[in-house]
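Peer 1: Please find one structure pasted underneath; my questions will follow.
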Amino acid sequence: MPPRPIVQENSAGRVAVVTLGCARNEVDSEELAGRLAASGWQLTDDSDDADVVLVNTCGFIEQAKKDSVDTLLAATDSGAKVVATGCMAERYGKQLAEAMPETDAVLGFDHYPDIADRLTAILNGETIESHQPSDRRKLLPITPVERAAATAYVPGHSQDLPDGIAPKSGPRVLRKRLEGGPVAPLKIASGCDRRCAFCAIPSFRGAFTSRRPTDIIAEARWLAGQGVRELVLVSENSTSYGKDLGDPGLLAKLLPELAAIDGIVRVRASYLQPAELRPELVEVICNTPKVAGYLDLSFQHASEPLLRRMRRFGSRERFLELLATARAMAPDVGARTNVIVGFPGESREDFNELVRFLEEARLDAVGVFAYSDEEGTEGANLRPKVRSDTIERRQERLSRLVEELSAQRAEERIGSVVEVLVESVDEIDGEWLAAGRGEHQAPEVDGEVTVRGPRLAVGDLVRAKVTGSLGVDLTADFIEKAAT
């Protein structure tokens, strides 16, 4: 994902914030921007015009780490102070600082509450000791229900509200929107209690902790007041939401409340774990007005023996049954997943089981990732390793397959009626074309719908009949504006 610079106004130092990685990082950047703006910093989208370039890094997989390093190095060309923060900074801290003396500081999550003072000190030539990494899972009690009383800082959870955060009356939100448009991520939880053998995220994002429903609803209302029409709920594991608040089924109750907020026309749940997906949540997603009929399911593989080696649960049969249950309630429900090829011990039979699953599942979109060892994970020590050329070959084969299967799934939607949230409008050769997404398409990853018809406005929700497809993208003819 390319870096996304952002711009706002103020008067102290000038800072450019560059965000890498996922939507969760976008929320964290907007928290940092809220703190900085409240403390008098001016935000700019021009690194060459900034006193400080703050890079919110990603540290998930090898490619993401490389992108973060490249972005930090590029930022040094501006002549500004360069500060690394975010997941890679949290994960490696002093190690990253020593490897990259070009940076002026490497700050971890615990630096966020006083980020403005830290940047002021750096701008004034002071040396800030780089973050010392630790296992953030140890900062919260082992028992989930005891975590609500813990004081450990968690990014994006609005634990403290400095003066100046808008709005001045009513619920105050520790966030400042940095990008326009009718769609915004909304963090509902952070961290993860699962111990997937390939994933290092819990060690630097910490144990799972939910935000209080009242805080989430207040922020959702604030976002609606900023012109947001679709809320994308993000976390490391949304299906765990509420377990530390004494109600593991809380997400199924929260979704309709968010959908009822004035101005909101769509609420989308993401990052769902199949092993934790409760029937009542599937029903809410499939049958609740304004809740997107969309299942973002983290399958990762379909071979039951290999899933066990990954410290995960499920099988091809169980996953297909889950999809069939959802489609029985909502035939047009969207479904996407990510899969990993080449995990240690993956046999030809395991791989063929994954192929068979994808051929039967009729998914709208699939991300295919090649396994690589991540330090600190169980998978790094597992044997036998799959040969790198075998991993590459399997990834290439699977990528070609899912491209074909996703295109077939899009073609199946020709003739159906979709509700499209308009995100851009253009006039081409005298014809008005509006681009947006249907319920089965999440931002940036699942394609879009181009609607032919009258001139529409960004933020309109329209009904349109699908007339064609190209890959995962659809074309459609305008029918009417949808009732909101």
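Just remember, in the structure tokens the first chain shown is A, the second B, etc., residues are 1-based per chain, and ligands are 1-based in the order shown.
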Enumerate, as a ChimeraX atom specification, the complete set of residues in range 194-433 of chain A that a backbone-based DSSP assignment places in strand (DSSP E).

Peer 2: /A:209-210,230-234,266-269,294-300,334-341,365-370,417-428,431-433

Peer 1: Find the spatial neighbours of Val422 in chain A, counting only C-alpha atoms, within a cut-off of 10 Å - ignore same-chain residues fewer than 4 positions away - and output them as a list in words.

Peer 2: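 Final neighbour list, sorted by chain and number: Gly181, Pro182, Val183, Arg229, Leu433, Ala434, Ala435, Gly436, Arg437, Gly438, Glu448, Val449, Thr450, Val451, Leu456, Ala457, Val458, Gly459, Asp460, Leu461 and Val462 of chain A.
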
Peer 1: Pick out each residue of range 51-278 of chain A that DSSP on the backbone tags as helix (DSSP H, G or I); I need them as a ChimeraX atom specification.

Peer 2: /A:62-78,87-92,94-99,109-123,136-139,144-149,201-205,213-225,238-240,243-245,250-259,274-276

Peer 1: Extract, using only C-alpha atoms, all DNA, RNA and protein residues at most 9 Å from range 465-477 of chain A, discarding same-chain residues fewer than 2 positions from it, and format them as a PyMOL selection string.

Peer 2: chain A and resi 364-365+403-404+406-411+413-419+446-453+463+479

Peer 1: Which polymer residues have any atom within 8 Å of an atom of Val17 in chain A, counting only C-alpha atoms, with same-chain residues fewer than 3 positions away left out, as number ranges by chain?

Peer 2: A: 5-6, 29, 33, 43-45, 53-56

Peer 1: Quick one: distance from CA of Arg221 in chain A to CA of Ala483 in chain A in Å, one decimal?

Peer 2: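 Straight-line distance from CA of Arg221 in chain A to CA of Ala483 in chain A works out to 19.8 Å.
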
Peer 1: Can you tell me which residues surround Thr143 in chain A at a distance of at most 12 Å, considering only C-alpha atoms, apart from same-chain residues fewer than 5 positions away, and format the answer as a list in words?

Peer 2: Arg137, Lys138, Ala148, Ala149, Ala150, Asp193, Ala207, Phe208, Thr209, Lys243, Asp244, Leu245 and Gly246 of chain A

Peer 1: Please report as JSON lines every residue of range 276-388 of chain A lying within 12 Å of range 78-94 of chain A, along with the nearest atom pair and their distance in Å (one decimal), using only C-alpha atoms.

Peer 2:
```
{"residue": "A:Glu374", "atom": "CA", "partner": "A:Arg91", "partner_atom": "CA", "distance": 11.7}
{"residue": "A:Glu375", "atom": "CA", "partner": "A:Arg91", "partner_atom": "CA", "distance": 10.6}
{"residue": "A:Gly376", "atom": "CA", "partner": "A:Arg91", "partner_atom": "CA", "distance": 10.6}
```

Peer 1: Since we have the selection now, will you write its residues out, keeping N, CA, C and O atoms, as a compact mmCIF listing (two decimals), in the first residue's frame?

Peer 2:
```txt
# COMPACT_ATOMS: atom_id res chain seq x y z
N GLU A 374 8.93 -15.20 10.48
CA GLU A 374 8.93 -13.97 11.26
C GLU A 374 9.56 -14.26 12.62
O GLU A 374 9.12 -15.17 13.33
N GLU A 375 10.58 -13.49 12.98
CA GLU A 375 11.25 -13.73 14.24
C GLU A 375 10.26 -13.61 15.41
O GLU A 375 9.35 -12.80 15.39
N GLY A 376 10.45 -14.49 16.37
CA GLY A 376 9.58 -14.47 17.54
C GLY A 376 8.32 -15.29 17.38
O GLY A 376 7.50 -15.32 18.30
```

Peer 1: Please provide as JSON, numbers by chain all residues within 9 Å of range 272-287 of chain A, with the sequence filter that same-chain residues fewer than 5 positions apart are discarded (counting only C-alpha atoms).

Peer 2: {"A": [236, 237, 238, 239, 240, 249, 251, 252, 253, 255, 256, 292, 293, 294, 295, 296, 297, 298, 299, 312, 313, 314, 319, 322, 325, 326, 327, 329, 330, 333]}

Peer 1: Write the residues you've just listed into a file as a PDB file, in the first residue's frame, and include N, CA and C atoms for each of them.

Peer 2:
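The result, stored in part_2.pdb:
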```pdb
ATOM      1  N   GLU A 236      -7.639  -6.059  15.239  1.00  0.00           N
ATOM      2  CA  GLU A 236      -6.881  -7.252  14.857  1.00  0.00           C
ATOM      3  C   GLU A 236      -7.788  -8.479  14.777  1.00  0.00           C
ATOM      4  N   ASN A 237      -8.881  -8.474  15.532  1.00  0.00           N
ATOM      5  CA  ASN A 237      -9.794  -9.620  15.550  1.00  0.00           C
ATOM      6  C   ASN A 237     -11.160  -9.146  16.029  1.00  0.00           C
ATOM      7  N   SER A 238     -12.012  -8.751  15.090  1.00  0.00           N
ATOM      8  CA  SER A 238     -13.297  -8.155  15.455  1.00  0.00           C
ATOM      9  C   SER A 238     -14.253  -9.146  16.108  1.00  0.00           C
ATOM     10  N   THR A 239     -14.115 -10.431  15.806  1.00  0.00           N
ATOM     11  CA  THR A 239     -15.037 -11.411  16.389  1.00  0.00           C
ATOM     12  C   THR A 239     -14.791 -11.630  17.879  1.00  0.00           C
ATOM     13  N   SER A 240     -13.667 -11.155  18.407  1.00  0.00           N
ATOM     14  CA  SER A 240     -13.433 -11.221  19.856  1.00  0.00           C
ATOM     15  C   SER A 240     -14.048 -10.043  20.598  1.00  0.00           C
ATOM     16  N   GLY A 249     -20.816 -11.649  22.627  1.00  0.00           N
ATOM     17  CA  GLY A 249     -21.710 -11.405  21.500  1.00  0.00           C
ATOM     18  C   GLY A 249     -21.987  -9.932  21.264  1.00  0.00           C
ATOM     19  N   LEU A 251     -20.588  -7.557  19.469  1.00  0.00           N
ATOM     20  CA  LEU A 251     -20.520  -6.964  18.136  1.00  0.00           C
ATOM     21  C   LEU A 251     -21.858  -7.060  17.418  1.00  0.00           C
ATOM     22  N   ALA A 252     -22.569  -8.158  17.619  1.00  0.00           N
ATOM     23  CA  ALA A 252     -23.882  -8.314  16.985  1.00  0.00           C
ATOM     24  C   ALA A 252     -24.868  -7.272  17.501  1.00  0.00           C
ATOM     25  N   LYS A 253     -24.667  -6.772  18.706  1.00  0.00           N
ATOM     26  CA  LYS A 253     -25.529  -5.727  19.263  1.00  0.00           C
ATOM     27  C   LYS A 253     -25.065  -4.341  18.837  1.00  0.00           C
ATOM     28  N   LEU A 255     -23.463  -3.427  15.966  1.00  0.00           N
ATOM     29  CA  LEU A 255     -23.658  -3.113  14.551  1.00  0.00           C
ATOM     30  C   LEU A 255     -24.976  -2.387  14.276  1.00  0.00           C
ATOM     31  N   PRO A 256     -26.129  -2.872  14.770  1.00  0.00           N
ATOM     32  CA  PRO A 256     -27.375  -2.137  14.508  1.00  0.00           C
ATOM     33  C   PRO A 256     -27.393  -0.744  15.127  1.00  0.00           C
ATOM     34  N   ALA A 292     -23.418  -3.862   6.032  1.00  0.00           N
ATOM     35  CA  ALA A 292     -22.984  -4.440   4.760  1.00  0.00           C
ATOM     36  C   ALA A 292     -23.027  -5.962   4.819  1.00  0.00           C
ATOM     37  N   GLY A 293     -23.644  -6.559   3.818  1.00  0.00           N
ATOM     38  CA  GLY A 293     -23.617  -8.008   3.685  1.00  0.00           C
ATOM     39  C   GLY A 293     -22.258  -8.433   3.160  1.00  0.00           C
ATOM     40  N   TYR A 294     -21.310  -8.568   4.079  1.00  0.00           N
ATOM     41  CA  TYR A 294     -19.907  -8.722   3.700  1.00  0.00           C
ATOM     42  C   TYR A 294     -19.183  -9.483   4.796  1.00  0.00           C
ATOM     43  N   LEU A 295     -18.535 -10.578   4.432  1.00  0.00           N
ATOM     44  CA  LEU A 295     -17.800 -11.396   5.385  1.00  0.00           C
ATOM     45  C   LEU A 295     -16.314 -11.352   5.037  1.00  0.00           C
ATOM     46  N   ASP A 296     -15.558 -10.650   5.856  1.00  0.00           N
ATOM     47  CA  ASP A 296     -14.106 -10.566   5.703  1.00  0.00           C
ATOM     48  C   ASP A 296     -13.513 -11.635   6.612  1.00  0.00           C
ATOM     49  N   LEU A 297     -13.281 -12.821   6.051  1.00  0.00           N
ATOM     50  CA  LEU A 297     -12.974 -14.008   6.840  1.00  0.00           C
ATOM     51  C   LEU A 297     -11.502 -14.391   6.719  1.00  0.00           C
ATOM     52  N   SER A 298     -10.855 -14.542   7.846  1.00  0.00           N
ATOM     53  CA  SER A 298      -9.439 -14.887   7.869  1.00  0.00           C
ATOM     54  C   SER A 298      -9.283 -16.405   7.850  1.00  0.00           C
ATOM     55  N   PHE A 299      -9.411 -17.027   6.662  1.00  0.00           N
ATOM     56  CA  PHE A 299      -9.281 -18.485   6.572  1.00  0.00           C
ATOM     57  C   PHE A 299      -7.816 -18.917   6.672  1.00  0.00           C
ATOM     58  N   ARG A 312      -4.469 -22.858  14.272  1.00  0.00           N
ATOM     59  CA  ARG A 312      -5.771 -22.352  13.881  1.00  0.00           C
ATOM     60  C   ARG A 312      -6.741 -23.530  13.774  1.00  0.00           C
ATOM     61  N   PHE A 313      -8.012 -23.193  13.548  1.00  0.00           N
ATOM     62  CA  PHE A 313      -9.052 -24.211  13.528  1.00  0.00           C
ATOM     63  C   PHE A 313      -9.857 -24.102  12.244  1.00  0.00           C
ATOM     64  N   GLY A 314     -10.479 -25.208  11.873  1.00  0.00           N
ATOM     65  CA  GLY A 314     -11.330 -25.215  10.703  1.00  0.00           C
ATOM     66  C   GLY A 314     -10.878 -26.254   9.697  1.00  0.00           C
ATOM     67  N   PHE A 319     -15.492 -24.509   6.494  1.00  0.00           N
ATOM     68  CA  PHE A 319     -15.512 -23.181   5.882  1.00  0.00           C
ATOM     69  C   PHE A 319     -16.597 -23.092   4.812  1.00  0.00           C
ATOM     70  N   LEU A 322     -19.918 -22.710   6.514  1.00  0.00           N
ATOM     71  CA  LEU A 322     -20.120 -21.339   6.986  1.00  0.00           C
ATOM     72  C   LEU A 322     -20.595 -20.444   5.849  1.00  0.00           C
ATOM     73  N   THR A 325     -24.200 -21.258   4.902  1.00  0.00           N
ATOM     74  CA  THR A 325     -25.158 -20.739   5.887  1.00  0.00           C
ATOM     75  C   THR A 325     -25.440 -19.264   5.634  1.00  0.00           C
ATOM     76  N   ALA A 326     -24.390 -18.495   5.382  1.00  0.00           N
ATOM     77  CA  ALA A 326     -24.572 -17.065   5.119  1.00  0.00           C
ATOM     78  C   ALA A 326     -25.344 -16.848   3.818  1.00  0.00           C
ATOM     79  N   ARG A 327     -25.022 -17.602   2.792  1.00  0.00           N
ATOM     80  CA  ARG A 327     -25.687 -17.411   1.496  1.00  0.00           C
ATOM     81  C   ARG A 327     -27.125 -17.887   1.507  1.00  0.00           C
ATOM     82  N   MET A 329     -29.091 -17.143   3.881  1.00  0.00           N
ATOM     83  CA  MET A 329     -29.789 -15.970   4.397  1.00  0.00           C
ATOM     84  C   MET A 329     -29.720 -14.799   3.428  1.00  0.00           C
ATOM     85  N   ALA A 330     -28.589 -14.660   2.735  1.00  0.00           N
ATOM     86  CA  ALA A 330     -28.376 -13.529   1.819  1.00  0.00           C
ATOM     87  C   ALA A 330     -27.564 -14.029   0.630  1.00  0.00           C
ATOM     88  N   VAL A 333     -24.425 -12.100  -0.498  1.00  0.00           N
ATOM     89  CA  VAL A 333     -23.456 -11.662   0.502  1.00  0.00           C
ATOM     90  C   VAL A 333     -22.048 -11.759  -0.074  1.00  0.00           C
TER      91      VAL A 333
END
```

Peer 1: Ser315 in chain A: which residues within 10 Å, counting only C-alpha atoms, same-chain residues fewer than 4 positions away excluded, as a list in words?

Peer 2: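 The filter keeps Phe299, His301, Ala302, Ser303, Glu304, Pro305, Leu306, Leu307, Arg308, Phe319, Leu320, Glu321, Glu353, Leu354 and Phe357 of chain A.
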